[in-house]
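Reproduced below: coords11.pdb, with PDB, C-alpha atoms.
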```pdb
ATOM      1  CA  MET A  35      74.943  80.713 241.528
ATOM      2  CA  ALA A  36      77.005  83.821 242.101
ATOM      3  CA  ARG A  37      75.533  87.171 241.114
ATOM      4  CA  ALA A  38      78.761  89.052 240.444
ATOM      5  CA  ARG A  39      78.929  91.357 237.415
ATOM      6  CA  PRO A  40      78.824  89.135 234.308
ATOM      7  CA  ILE A  41      81.892  88.796 232.080
ATOM      8  CA  PHE A  42      81.360  88.779 228.316
ATOM      9  CA  SER A  43      84.121  87.526 226.027
ATOM     10  CA  LEU A  44      84.809  86.563 222.415
ATOM     11  CA  GLU A  45      86.762  83.687 220.915
ATOM     12  CA  PHE A  46      88.227  83.156 217.466
ATOM     13  CA  PHE A  47      90.606  80.624 215.979
ATOM     14  CA  ALA A  48      94.170  81.266 214.855
ATOM     15  CA  PRO A  49      94.055  81.235 211.024
ATOM     16  CA  LYS A  50      96.085  78.744 208.987
ATOM     17  CA  THR A  51      96.474  80.776 205.791
ATOM     18  CA  PRO A  52      97.550  84.336 204.915
ATOM     19  CA  ASP A  53      94.074  85.011 203.504
ATOM     20  CA  GLY A  54      92.496  83.796 206.741
ATOM     21  CA  ALA A  55      94.825  86.013 208.741
ATOM     22  CA  ALA A  56      93.934  89.023 206.586
ATOM     23  CA  ARG A  57      90.199  88.387 207.051
ATOM     24  CA  LEU A  58      90.620  88.099 210.797
ATOM     25  CA  ARG A  59      92.525  91.389 210.963
ATOM     26  CA  ARG A  60      89.597  93.080 209.252
ATOM     27  CA  LEU A  61      87.273  91.725 211.964
ATOM     28  CA  TRP A  62      89.296  92.927 214.940
ATOM     29  CA  PRO A  63      88.202  96.592 215.028
ATOM     30  CA  GLY A  64      84.503  95.681 214.919
ATOM     31  CA  LEU A  65      84.894  93.000 217.564
ATOM     32  CA  ALA A  66      86.941  95.283 219.803
ATOM     33  CA  ALA A  67      84.200  97.925 219.493
ATOM     34  CA  LEU A  68      81.940  95.558 221.442
ATOM     35  CA  THR A  69      84.354  96.039 224.403
ATOM     36  CA  PRO A  70      84.545  92.379 225.449
ATOM     37  CA  ALA A  71      86.331  91.530 228.688
ATOM     38  CA  TYR A  72      88.859  89.597 226.622
ATOM     39  CA  PHE A  73      89.593  87.836 223.351
ATOM     40  CA  SER A  74      90.547  84.168 223.467
ATOM     41  CA  VAL A  75      92.542  82.542 220.664
ATOM     42  CA  THR A  76      92.192  78.808 220.053
ATOM     43  CA  CYS A  77      95.109  76.462 219.496
ATOM     44  CA  ALA A  78      94.848  73.651 216.957
ATOM     45  CA  THR A  79      96.432  70.321 217.886
ATOM     46  CA  ASP A  80      98.577  69.957 214.780
ATOM     47  CA  GLU A  81     102.305  70.522 215.147
ATOM     48  CA  ALA A  82     102.163  74.151 214.003
ATOM     49  CA  GLY A  83      99.097  75.037 216.094
ATOM     50  CA  PRO A  84     100.880  76.585 219.096
ATOM     51  CA  GLU A  85     103.004  78.800 216.852
ATOM     52  CA  ARG A  86      99.958  80.065 214.960
ATOM     53  CA  THR A  87      98.282  80.932 218.243
ATOM     54  CA  LEU A  88     101.381  82.703 219.514
ATOM     55  CA  ARG A  89     101.721  84.631 216.250
ATOM     56  CA  THR A  90      98.077  85.711 216.436
ATOM     57  CA  VAL A  91      98.520  86.866 220.042
ATOM     58  CA  GLN A  92     101.623  88.829 219.013
ATOM     59  CA  GLU A  93      99.643  90.567 216.273
ATOM     60  CA  LEU A  94      96.775  91.338 218.637
ATOM     61  CA  ARG A  95      99.131  92.852 221.170
ATOM     62  CA  ALA A  96     100.871  94.909 218.492
ATOM     63  CA  HIS A  97      97.518  96.130 217.144
ATOM     64  CA  PHE A  98      95.726  96.907 220.410
ATOM     65  CA  GLY A  99      98.542  97.337 222.894
ATOM     66  CA  PRO A 100      97.597  96.696 226.531
ATOM     67  CA  ALA A 101      94.007  97.883 226.001
ATOM     68  CA  VAL A 102      92.707  94.385 225.175
ATOM     69  CA  ASP A 103      93.042  91.339 227.430
ATOM     70  CA  ILE A 104      94.065  88.241 225.467
ATOM     71  CA  ALA A 105      93.652  84.596 226.511
ATOM     72  CA  PRO A 106      95.552  82.120 224.319
ATOM     73  CA  HIS A 107      94.691  78.435 224.457
ATOM     74  CA  LEU A 108      97.205  75.810 225.531
ATOM     75  CA  THR A 109      96.534  72.155 224.709
ATOM     76  CA  CYS A 110      97.913  68.889 226.033
ATOM     77  CA  VAL A 111      98.186  67.137 222.652
ATOM     78  CA  GLY A 112     101.821  66.974 221.581
ATOM     79  CA  SER A 113     102.951  69.382 224.302
ATOM     80  CA  SER A 114     106.129  68.778 226.273
ATOM     81  CA  ARG A 115     107.145  70.485 229.483
ATOM     82  CA  ALA A 116     109.829  72.333 227.537
ATOM     83  CA  SER A 117     107.440  73.567 224.845
ATOM     84  CA  VAL A 118     104.856  74.735 227.382
ATOM     85  CA  ARG A 119     107.556  76.442 229.437
ATOM     86  CA  ARG A 120     108.703  78.300 226.306
ATOM     87  CA  LEU A 121     105.136  79.395 225.515
ATOM     88  CA  LEU A 122     104.548  80.570 229.068
ATOM     89  CA  THR A 123     107.690  82.692 228.854
ATOM     90  CA  ALA A 124     106.599  84.132 225.508
ATOM     91  CA  TYR A 125     103.113  84.959 226.771
ATOM     92  CA  ARG A 126     104.447  86.585 229.913
ATOM     93  CA  SER A 127     106.682  88.772 227.730
ATOM     94  CA  LEU A 128     103.521  89.860 225.871
ATOM     95  CA  ALA A 129     101.809  90.850 229.131
ATOM     96  CA  VAL A 130      99.325  87.974 228.861
ATOM     97  CA  ARG A 131      97.714  87.185 232.222
ATOM     98  CA  HIS A 132      94.956  84.848 231.042
ATOM     99  CA  LEU A 133      95.103  81.323 229.587
ATOM    100  CA  VAL A 134      92.561  78.748 228.409
ATOM    101  CA  VAL A 135      93.887  75.260 229.163
ATOM    102  CA  ILE A 136      92.305  72.238 227.474
ATOM    103  CA  ARG A 137      93.227  68.664 226.669
ATOM    104  CA  GLY A 138      92.438  68.998 222.975
ATOM    105  CA  ASP A 139      91.424  66.305 220.506
ATOM    106  CA  LEU A 140      93.804  64.096 218.601
ATOM    107  CA  PRO A 141      94.381  65.471 215.089
ATOM    108  CA  PRO A 142      93.144  63.411 212.126
ATOM    109  CA  GLY A 143      95.343  60.383 211.493
ATOM    110  CA  MET A 144      96.804  60.288 215.014
ATOM    111  CA  ARG A 145      95.680  57.290 217.049
ATOM    112  CA  GLU A 146      97.999  57.416 220.045
ATOM    113  CA  TRP A 147      98.406  60.177 222.601
ATOM    114  CA  SER A 148     101.678  62.094 222.522
ATOM    115  CA  GLY A 149     103.254  64.652 224.812
ATOM    116  CA  ASP A 150     103.961  64.988 228.512
ATOM    117  CA  PHE A 151     100.362  65.767 229.532
ATOM    118  CA  SER A 152      97.470  63.336 229.196
ATOM    119  CA  HIS A 153      94.856  65.440 230.978
ATOM    120  CA  ALA A 154      94.163  69.140 231.317
ATOM    121  CA  SER A 155      94.469  68.853 235.099
ATOM    122  CA  GLU A 156      98.126  67.868 234.650
ATOM    123  CA  LEU A 157      98.785  70.872 232.418
ATOM    124  CA  VAL A 158      97.034  73.219 234.869
ATOM    125  CA  ALA A 159      99.156  71.874 237.730
ATOM    126  CA  PHE A 160     102.343  72.347 235.669
ATOM    127  CA  ILE A 161     101.417  75.960 234.864
ATOM    128  CA  ARG A 162     100.813  76.660 238.540
ATOM    129  CA  THR A 163     104.161  75.099 239.459
ATOM    130  CA  GLU A 164     105.979  77.155 236.833
ATOM    131  CA  THR A 165     104.206  80.506 237.234
ATOM    132  CA  GLY A 166     102.300  80.476 240.519
ATOM    133  CA  ASP A 167      99.275  82.763 240.390
ATOM    134  CA  HIS A 168     100.501  84.851 237.458
ATOM    135  CA  PHE A 169      97.816  83.532 235.089
ATOM    136  CA  HIS A 170      94.053  83.397 235.317
ATOM    137  CA  VAL A 171      93.489  79.834 234.090
ATOM    138  CA  GLU A 172      90.260  78.879 232.340
ATOM    139  CA  VAL A 173      89.449  75.203 231.782
ATOM    140  CA  ALA A 174      86.770  73.433 229.756
ATOM    141  CA  ALA A 175      83.442  72.210 231.115
ATOM    142  CA  HIS A 176      80.850  70.031 229.395
ATOM    143  CA  PRO A 177      77.246  70.491 230.572
ATOM    144  CA  GLU A 178      76.171  67.586 228.343
ATOM    145  CA  PHE A 179      79.350  65.703 229.304
ATOM    146  CA  HIS A 180      82.448  65.002 227.267
ATOM    147  CA  PRO A 181      81.887  62.452 224.485
ATOM    148  CA  ASP A 182      84.929  60.456 225.636
ATOM    149  CA  ALA A 183      83.810  60.273 229.272
ATOM    150  CA  PRO A 184      82.705  56.787 230.359
ATOM    151  CA  SER A 185      79.948  58.289 232.525
ATOM    152  CA  ALA A 186      78.545  61.560 233.817
ATOM    153  CA  ASP A 187      80.137  60.948 237.226
ATOM    154  CA  ALA A 188      83.523  60.302 235.626
ATOM    155  CA  ASP A 189      83.312  63.571 233.709
ATOM    156  CA  LEU A 190      82.367  65.487 236.850
ATOM    157  CA  ALA A 191      85.303  63.897 238.678
ATOM    158  CA  SER A 192      87.613  64.990 235.856
ATOM    159  CA  PHE A 193      86.316  68.542 236.103
ATOM    160  CA  LYS A 194      86.850  68.514 239.865
ATOM    161  CA  ARG A 195      90.490  67.487 239.318
ATOM    162  CA  LYS A 196      91.004  70.501 237.063
ATOM    163  CA  ALA A 197      89.575  72.784 239.717
ATOM    164  CA  ALA A 198      91.770  71.205 242.397
ATOM    165  CA  ALA A 199      94.835  71.605 240.166
ATOM    166  CA  GLY A 200      94.414  75.369 240.202
ATOM    167  CA  ALA A 201      91.836  76.404 237.602
ATOM    168  CA  THR A 202      90.416  79.871 238.190
ATOM    169  CA  SER A 203      87.207  79.470 236.187
ATOM    170  CA  ALA A 204      85.719  77.457 233.342
ATOM    171  CA  LEU A 205      84.232  77.925 229.885
ATOM    172  CA  THR A 206      81.675  75.408 228.689
ATOM    173  CA  GLN A 207      81.208  73.634 225.423
ATOM    174  CA  TYR A 208      78.287  75.227 223.619
ATOM    175  CA  PHE A 209      74.783  73.841 224.170
ATOM    176  CA  TYR A 210      71.174  74.784 223.398
ATOM    177  CA  ASN A 211      69.436  73.399 226.498
ATOM    178  CA  PRO A 212      69.799  75.816 229.436
ATOM    179  CA  ASP A 213      68.650  73.123 231.879
ATOM    180  CA  ALA A 214      71.779  71.127 231.045
ATOM    181  CA  TYR A 215      73.885  74.060 232.247
ATOM    182  CA  VAL A 216      71.863  74.563 235.427
ATOM    183  CA  HIS A 217      72.063  70.866 236.358
ATOM    184  CA  PHE A 218      75.792  70.768 235.610
ATOM    185  CA  VAL A 219      76.530  73.757 237.851
ATOM    186  CA  GLU A 220      74.384  72.268 240.619
ATOM    187  CA  SER A 221      76.181  68.915 240.304
ATOM    188  CA  CYS A 222      79.552  70.646 240.550
ATOM    189  CA  SER A 223      78.426  72.563 243.624
ATOM    190  CA  ARG A 224      77.419  69.326 245.339
ATOM    191  CA  LEU A 225      80.973  68.087 244.740
ATOM    192  CA  GLY A 226      82.377  71.239 246.324
ATOM    193  CA  VAL A 227      83.424  72.795 243.003
ATOM    194  CA  THR A 228      82.314  76.417 243.088
ATOM    195  CA  LEU A 229      84.552  78.146 240.556
ATOM    196  CA  PRO A 230      82.691  80.345 238.009
ATOM    197  CA  ILE A 231      81.425  78.330 235.023
ATOM    198  CA  VAL A 232      80.766  80.570 232.020
ATOM    199  CA  PRO A 233      78.490  79.233 229.261
ATOM    200  CA  GLY A 234      79.970  78.971 225.786
ATOM    201  CA  ILE A 235      77.645  80.381 223.118
ATOM    202  CA  MET A 236      77.622  79.230 219.489
ATOM    203  CA  PRO A 237      75.511  81.297 217.069
ATOM    204  CA  ILE A 238      73.497  79.250 214.589
ATOM    205  CA  THR A 239      74.582  80.108 211.054
ATOM    206  CA  ASN A 240      75.400  77.128 208.818
ATOM    207  CA  PHE A 241      73.125  74.494 210.344
ATOM    208  CA  GLU A 242      74.445  71.511 208.371
ATOM    209  CA  ARG A 243      77.991  72.250 209.467
ATOM    210  CA  LEU A 244      76.824  72.848 213.039
ATOM    211  CA  ALA A 245      74.991  69.499 213.077
ATOM    212  CA  ARG A 246      78.096  67.613 211.903
ATOM    213  CA  PHE A 247      80.314  69.327 214.430
ATOM    214  CA  SER A 248      77.792  68.852 217.235
ATOM    215  CA  GLU A 249      77.582  65.116 216.633
ATOM    216  CA  ALA A 250      81.353  64.766 216.938
ATOM    217  CA  ALA A 251      81.478  67.052 219.995
ATOM    218  CA  GLY A 252      78.674  65.323 221.865
ATOM    219  CA  VAL A 253      76.399  68.375 221.730
ATOM    220  CA  GLU A 254      72.663  67.732 221.563
ATOM    221  CA  ILE A 255      70.637  69.836 219.159
ATOM    222  CA  PRO A 256      67.031  69.658 220.429
ATOM    223  CA  ARG A 257      64.635  68.012 217.992
ATOM    224  CA  TRP A 258      62.324  71.041 217.924
ATOM    225  CA  LEU A 259      65.260  73.263 216.947
ATOM    226  CA  ARG A 260      66.497  70.896 214.259
ATOM    227  CA  LYS A 261      63.012  70.549 212.750
ATOM    228  CA  ARG A 262      62.372  74.296 212.724
ATOM    229  CA  VAL A 263      65.680  75.031 210.991
ATOM    230  CA  GLU A 264      65.123  72.231 208.475
ATOM    231  CA  GLY A 265      61.697  73.687 207.694
ATOM    232  CA  LEU A 266      63.229  77.113 207.084
ATOM    233  CA  ALA A 267      66.008  75.780 204.853
ATOM    234  CA  PRO A 268      64.427  77.121 201.613
ATOM    235  CA  ASP A 269      64.528  80.643 203.115
ATOM    236  CA  PRO A 270      68.099  81.267 204.382
ATOM    237  CA  ARG A 271      67.244  84.758 205.598
ATOM    238  CA  SER A 272      64.402  83.512 207.804
ATOM    239  CA  ALA A 273      66.549  80.621 209.010
ATOM    240  CA  GLY A 274      69.309  83.031 209.988
ATOM    241  CA  GLU A 275      66.896  85.299 211.834
ATOM    242  CA  PHE A 276      65.403  82.314 213.647
ATOM    243  CA  GLY A 277      68.866  81.178 214.714
ATOM    244  CA  ILE A 278      69.670  84.638 216.070
ATOM    245  CA  ASP A 279      66.407  84.693 218.047
ATOM    246  CA  VAL A 280      66.980  81.221 219.521
ATOM    247  CA  VAL A 281      70.501  82.006 220.709
ATOM    248  CA  THR A 282      69.516  85.432 222.029
ATOM    249  CA  ARG A 283      66.745  83.840 224.130
ATOM    250  CA  LEU A 284      69.200  81.207 225.340
ATOM    251  CA  CYS A 285      71.620  83.921 226.472
ATOM    252  CA  ARG A 286      68.898  85.828 228.305
ATOM    253  CA  ARG A 287      67.789  82.676 230.095
ATOM    254  CA  LEU A 288      71.332  81.829 231.152
ATOM    255  CA  LEU A 289      71.858  85.296 232.592
ATOM    256  CA  GLU A 290      68.514  85.042 234.398
ATOM    257  CA  VAL A 291      69.594  81.841 236.155
ATOM    258  CA  GLY A 292      72.827  83.458 237.295
ATOM    259  CA  ALA A 293      75.461  82.553 234.713
ATOM    260  CA  PRO A 294      78.623  84.546 235.522
ATOM    261  CA  GLY A 295      78.989  85.662 231.916
ATOM    262  CA  LEU A 296      78.832  84.529 228.298
ATOM    263  CA  HIS A 297      81.691  83.383 226.067
ATOM    264  CA  PHE A 298      80.900  83.681 222.354
ATOM    265  CA  TYR A 299      82.472  81.385 219.771
ATOM    266  CA  THR A 300      82.711  83.734 216.778
ATOM    267  CA  MET A 301      84.093  81.186 214.276
ATOM    268  CA  ASN A 302      85.946  84.208 212.864
ATOM    269  CA  SER A 303      82.686  85.842 211.777
ATOM    270  CA  ALA A 304      81.617  89.081 213.397
ATOM    271  CA  GLU A 305      78.046  89.770 212.306
ATOM    272  CA  PRO A 306      76.034  87.019 214.094
ATOM    273  CA  VAL A 307      77.785  87.699 217.396
ATOM    274  CA  ARG A 308      77.465  91.462 216.944
ATOM    275  CA  THR A 309      73.694  91.133 216.387
ATOM    276  CA  ILE A 310      73.173  88.937 219.466
ATOM    277  CA  TRP A 311      75.471  91.136 221.548
ATOM    278  CA  THR A 312      73.476  94.241 220.579
ATOM    279  CA  ARG A 313      70.088  92.613 221.217
ATOM    280  CA  LEU A 314      71.247  91.633 224.686
ATOM    281  CA  GLY A 315      72.315  95.205 225.353
ATOM    282  CA  LEU A 316      75.908  94.226 226.078
ATOM    283  CA  GLY A 317      77.419  97.060 224.107
TER     284      GLY A 317
END
```

Mind turning this structure into structure tokens?
Amino acid sequence: MARARPIFSLEFFAPKTPDGAARLRRLWPGLAALTPAYFSVTCATDEAGPERTLRTVQELRAHFGPAVDIAPHLTCVGSSRASVRRLLTAYRSLAVRHLVVIRGDLPPGMREWSGDFSHASELVAFIRTETGDHFHVEVAAHPEFHPDAPSADADLASFKRKAAAGATSALTQYFYNPDAYVHFVESCSRLGVTLPIVPGIMPITNFERLARFSEAAGVEIPRWLRKRVEGLAPDPRSAGEFGIDVVTRLCRRLLEVGAPGLHFYTMNSAEPVRTIWTRLGLG
């Protein structure tokens, strides 16, 4: 693995309500004080998702000016060539040079795929055709493999197509087994895919919610971790401290094995990430 200077970044989701937007604005100064390499802003796959993401990026740019790098998400679900072209124009006008391109999951109630892009590799190729090398394009990677993939080899082949289409680097789904990341990177290297693969980091806060989400996302929570958190359930403070320790150790291990950075999923909550960030000495 490459030993270039690690890149540390933060991600939050574009809020759906005015109250959510107000709460997020209150978080921005504290998150910016950590001096991340960039903020990424997720894009929901409902019809209004792209507009919420664009609006959040506009607010970030107005608040921070050019001092903060911003990476909005673009998804395949429901996207047409015309709608993506419009978003690319809008983001270029906001001095955005960084995108996160993912397929996205079908929203609840939708059974059939819609839009002009069925796979993230197709969307990456379209962005390259439209804008050349203007954007740094991140794509998704799944160390424990995508839950929809028919096999590990099929998922690796899909990731290779995204790299070949013009991806610059990748951000992984979160995980709690560092060996899964190491084996994934090694498998990609054997296929000739050498772009930087940055681990995605999910702090452990609400364990019940995390367990539900992890099952749907195909993320394995190790049995030892699940049992320890369950045993600490009567003492939320101890459970929270344990979760911070586990994720901090995971981050240290990933940096030791040569991860090119860490990408933190904040879930629009600053304190857990701030604590881990500080313990790692990142800022």

Skip stretch 92-95 of chain A itself and residues of its chain fewer than 5 positions away, then list as a PyMOL selection string all residues within 9 Å of it, counting all atoms listed in the file. chain A and resi 59+62+87+100-104+125+128-129

Translate the PyMOL selection byres ((chain A and resi 231-242) around 9) into a concrete residue list for this structure, as an MDAnalysis selection string. chainID A and resid 41 174:175 177 203:210 215 219 228:230 243:247 260 263:264 273:274 276:278 280:282 284:285 288 293:301 306:307 310

Identify, on the basis of all atoms listed in the file, every residue whose closest approach to A:Val134 does not exceed 12 Å; exclude the query and any residue fewer than 6 positions from it along the same chain; express the result as a PyMOL selection string. chain A and resi 45+72-77+87+104-110+154+157-158+161+169-175+201-206

Counting all atoms listed in the file, what is within 10 Å of A:Asp182, bar same-chain residues fewer than 6 positions away, as a list in words? Asp189, Ala251 and Gly252 of chain A

To one decimal in Å, tell me the separation between atom CA of A:Glu85 and atom CA of A:Ala56.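 Taking atom CA of A:Glu85 and atom CA of A:Ala56, their separation equals 17.1 Å.
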
Option closest in space to A:Glu81, from A:Gly226, A:Arg286, A:Ser148, A:Ala66 [counting all atoms listed in the file]: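 Using all atoms listed in the file, the shortest distance to A:Glu81 belongs to A:Ser148.
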
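When only C-alpha atoms are used to compute distances to A:His97, the closest of the residues A:His153, A:Arg131, A:Arg126, A:Arg60 turns out to be A:Arg60.
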
List the residues selected by the PyMOL selection byres ((chain A and resi 115) around 12) in the file shown, writing them as a ChimeraX atom specification. /A:108-114,116-122,149-151,156-161,163-164

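Of note, atom CA of A:Leu61 and atom CA of A:Ala304 are spaced 6.4 Å apart.
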
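Atom pair atom CA of A:Asp279 / atom CA of A:Arg262: separated by 12.4 Å.
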
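In terms of minimum interatomic distance to A:Gly166, A:Ala199 ranks closest within A:Ala199, A:Ala214, A:Val291, A:Leu266, counting all atoms listed in the file.
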
My structure is short of atoms at stretch 191-210 of chain A; please model N, CA, C and O atoms there, returning them as an mmCIF file, keeping the file's coordinate frame.
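Saved file selection23.cif follows:
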```cif
data_model
loop_
_atom_site.group_PDB
_atom_site.id
_atom_site.type_symbol
_atom_site.label_atom_id
_atom_site.label_comp_id
_atom_site.auth_asym_id
_atom_site.auth_seq_id
_atom_site.Cartn_x
_atom_site.Cartn_y
_atom_site.Cartn_z
ATOM 1 N N ALA A 191 84.080 64.117 237.909
ATOM 2 C CA ALA A 191 85.303 63.897 238.678
ATOM 3 C C ALA A 191 86.509 64.500 237.966
ATOM 4 O O ALA A 191 87.403 65.076 238.601
ATOM 5 N N SER A 192 86.530 64.391 236.637
ATOM 6 C CA SER A 192 87.613 64.990 235.856
ATOM 7 C C SER A 192 87.601 66.505 235.994
ATOM 8 O O SER A 192 88.655 67.145 236.153
ATOM 9 N N PHE A 193 86.422 67.092 235.946
ATOM 10 C CA PHE A 193 86.316 68.542 236.103
ATOM 11 C C PHE A 193 86.770 68.967 237.495
ATOM 12 O O PHE A 193 87.468 69.981 237.650
ATOM 13 N N LYS A 194 86.422 68.196 238.501
ATOM 14 C CA LYS A 194 86.850 68.514 239.865
ATOM 15 C C LYS A 194 88.372 68.481 239.981
ATOM 16 O O LYS A 194 88.977 69.310 240.679
ATOM 17 N N ARG A 195 89.024 67.553 239.284
ATOM 18 C CA ARG A 195 90.490 67.487 239.318
ATOM 19 C C ARG A 195 91.104 68.750 238.709
ATOM 20 O O ARG A 195 92.130 69.241 239.190
ATOM 21 N N LYS A 196 90.485 69.275 237.665
ATOM 22 C CA LYS A 196 91.004 70.501 237.063
ATOM 23 C C LYS A 196 90.872 71.673 238.037
ATOM 24 O O LYS A 196 91.780 72.516 238.134
ATOM 25 N N ALA A 197 89.752 71.724 238.729
ATOM 26 C CA ALA A 197 89.575 72.784 239.717
ATOM 27 C C ALA A 197 90.603 72.659 240.835
ATOM 28 O O ALA A 197 91.208 73.650 241.255
ATOM 29 N N ALA A 198 90.811 71.435 241.308
ATOM 30 C CA ALA A 198 91.770 71.205 242.397
ATOM 31 C C ALA A 198 93.197 71.511 241.967
ATOM 32 O O ALA A 198 94.035 71.897 242.791
ATOM 33 N N ALA A 199 93.485 71.359 240.668
ATOM 34 C CA ALA A 199 94.835 71.605 240.166
ATOM 35 C C ALA A 199 95.169 73.087 240.100
ATOM 36 O O ALA A 199 96.346 73.453 239.966
ATOM 37 N N GLY A 200 94.148 73.936 240.182
ATOM 38 C CA GLY A 200 94.414 75.369 240.202
ATOM 39 C C GLY A 200 93.668 76.189 239.181
ATOM 40 O O GLY A 200 94.013 77.357 238.949
ATOM 41 N N ALA A 201 92.627 75.619 238.544
ATOM 42 C CA ALA A 201 91.836 76.404 237.602
ATOM 43 C C ALA A 201 91.149 77.562 238.314
ATOM 44 O O ALA A 201 90.699 77.419 239.455
ATOM 45 N N THR A 202 91.070 78.693 237.635
ATOM 46 C CA THR A 202 90.416 79.871 238.190
ATOM 47 C C THR A 202 88.933 79.888 237.873
ATOM 48 O O THR A 202 88.104 80.288 238.703
ATOM 49 N N SER A 203 88.594 79.491 236.649
ATOM 50 C CA SER A 203 87.207 79.470 236.187
ATOM 51 C C SER A 203 87.113 78.531 234.994
ATOM 52 O O SER A 203 88.115 77.929 234.588
ATOM 53 N N ALA A 204 85.917 78.413 234.436
ATOM 54 C CA ALA A 204 85.719 77.457 233.342
ATOM 55 C C ALA A 204 84.840 78.067 232.261
ATOM 56 O O ALA A 204 83.991 78.922 232.529
ATOM 57 N N LEU A 205 85.061 77.592 231.035
ATOM 58 C CA LEU A 205 84.232 77.925 229.885
ATOM 59 C C LEU A 205 83.602 76.633 229.391
ATOM 60 O O LEU A 205 84.291 75.623 229.252
ATOM 61 N N THR A 206 82.326 76.651 229.097
ATOM 62 C CA THR A 206 81.675 75.408 228.689
ATOM 63 C C THR A 206 81.716 75.215 227.174
ATOM 64 O O THR A 206 81.843 76.162 226.403
ATOM 65 N N GLN A 207 81.576 73.947 226.790
ATOM 66 C CA GLN A 207 81.208 73.634 225.423
ATOM 67 C C GLN A 207 79.851 74.283 225.162
ATOM 68 O O GLN A 207 79.062 74.484 226.093
ATOM 69 N N TYR A 208 79.584 74.633 223.916
ATOM 70 C CA TYR A 208 78.287 75.227 223.619
ATOM 71 C C TYR A 208 77.164 74.205 223.795
ATOM 72 O O TYR A 208 77.383 72.992 223.795
ATOM 73 N N PHE A 209 75.967 74.683 223.964
ATOM 74 C CA PHE A 209 74.783 73.841 224.170
ATOM 75 C C PHE A 209 73.563 74.696 223.850
ATOM 76 O O PHE A 209 73.655 75.934 223.751
ATOM 77 N N TYR A 210 72.415 74.054 223.688
ATOM 78 C CA TYR A 210 71.174 74.784 223.398
ATOM 79 C C TYR A 210 70.067 74.469 224.396
ATOM 80 O O TYR A 210 68.932 74.910 224.220
#
```
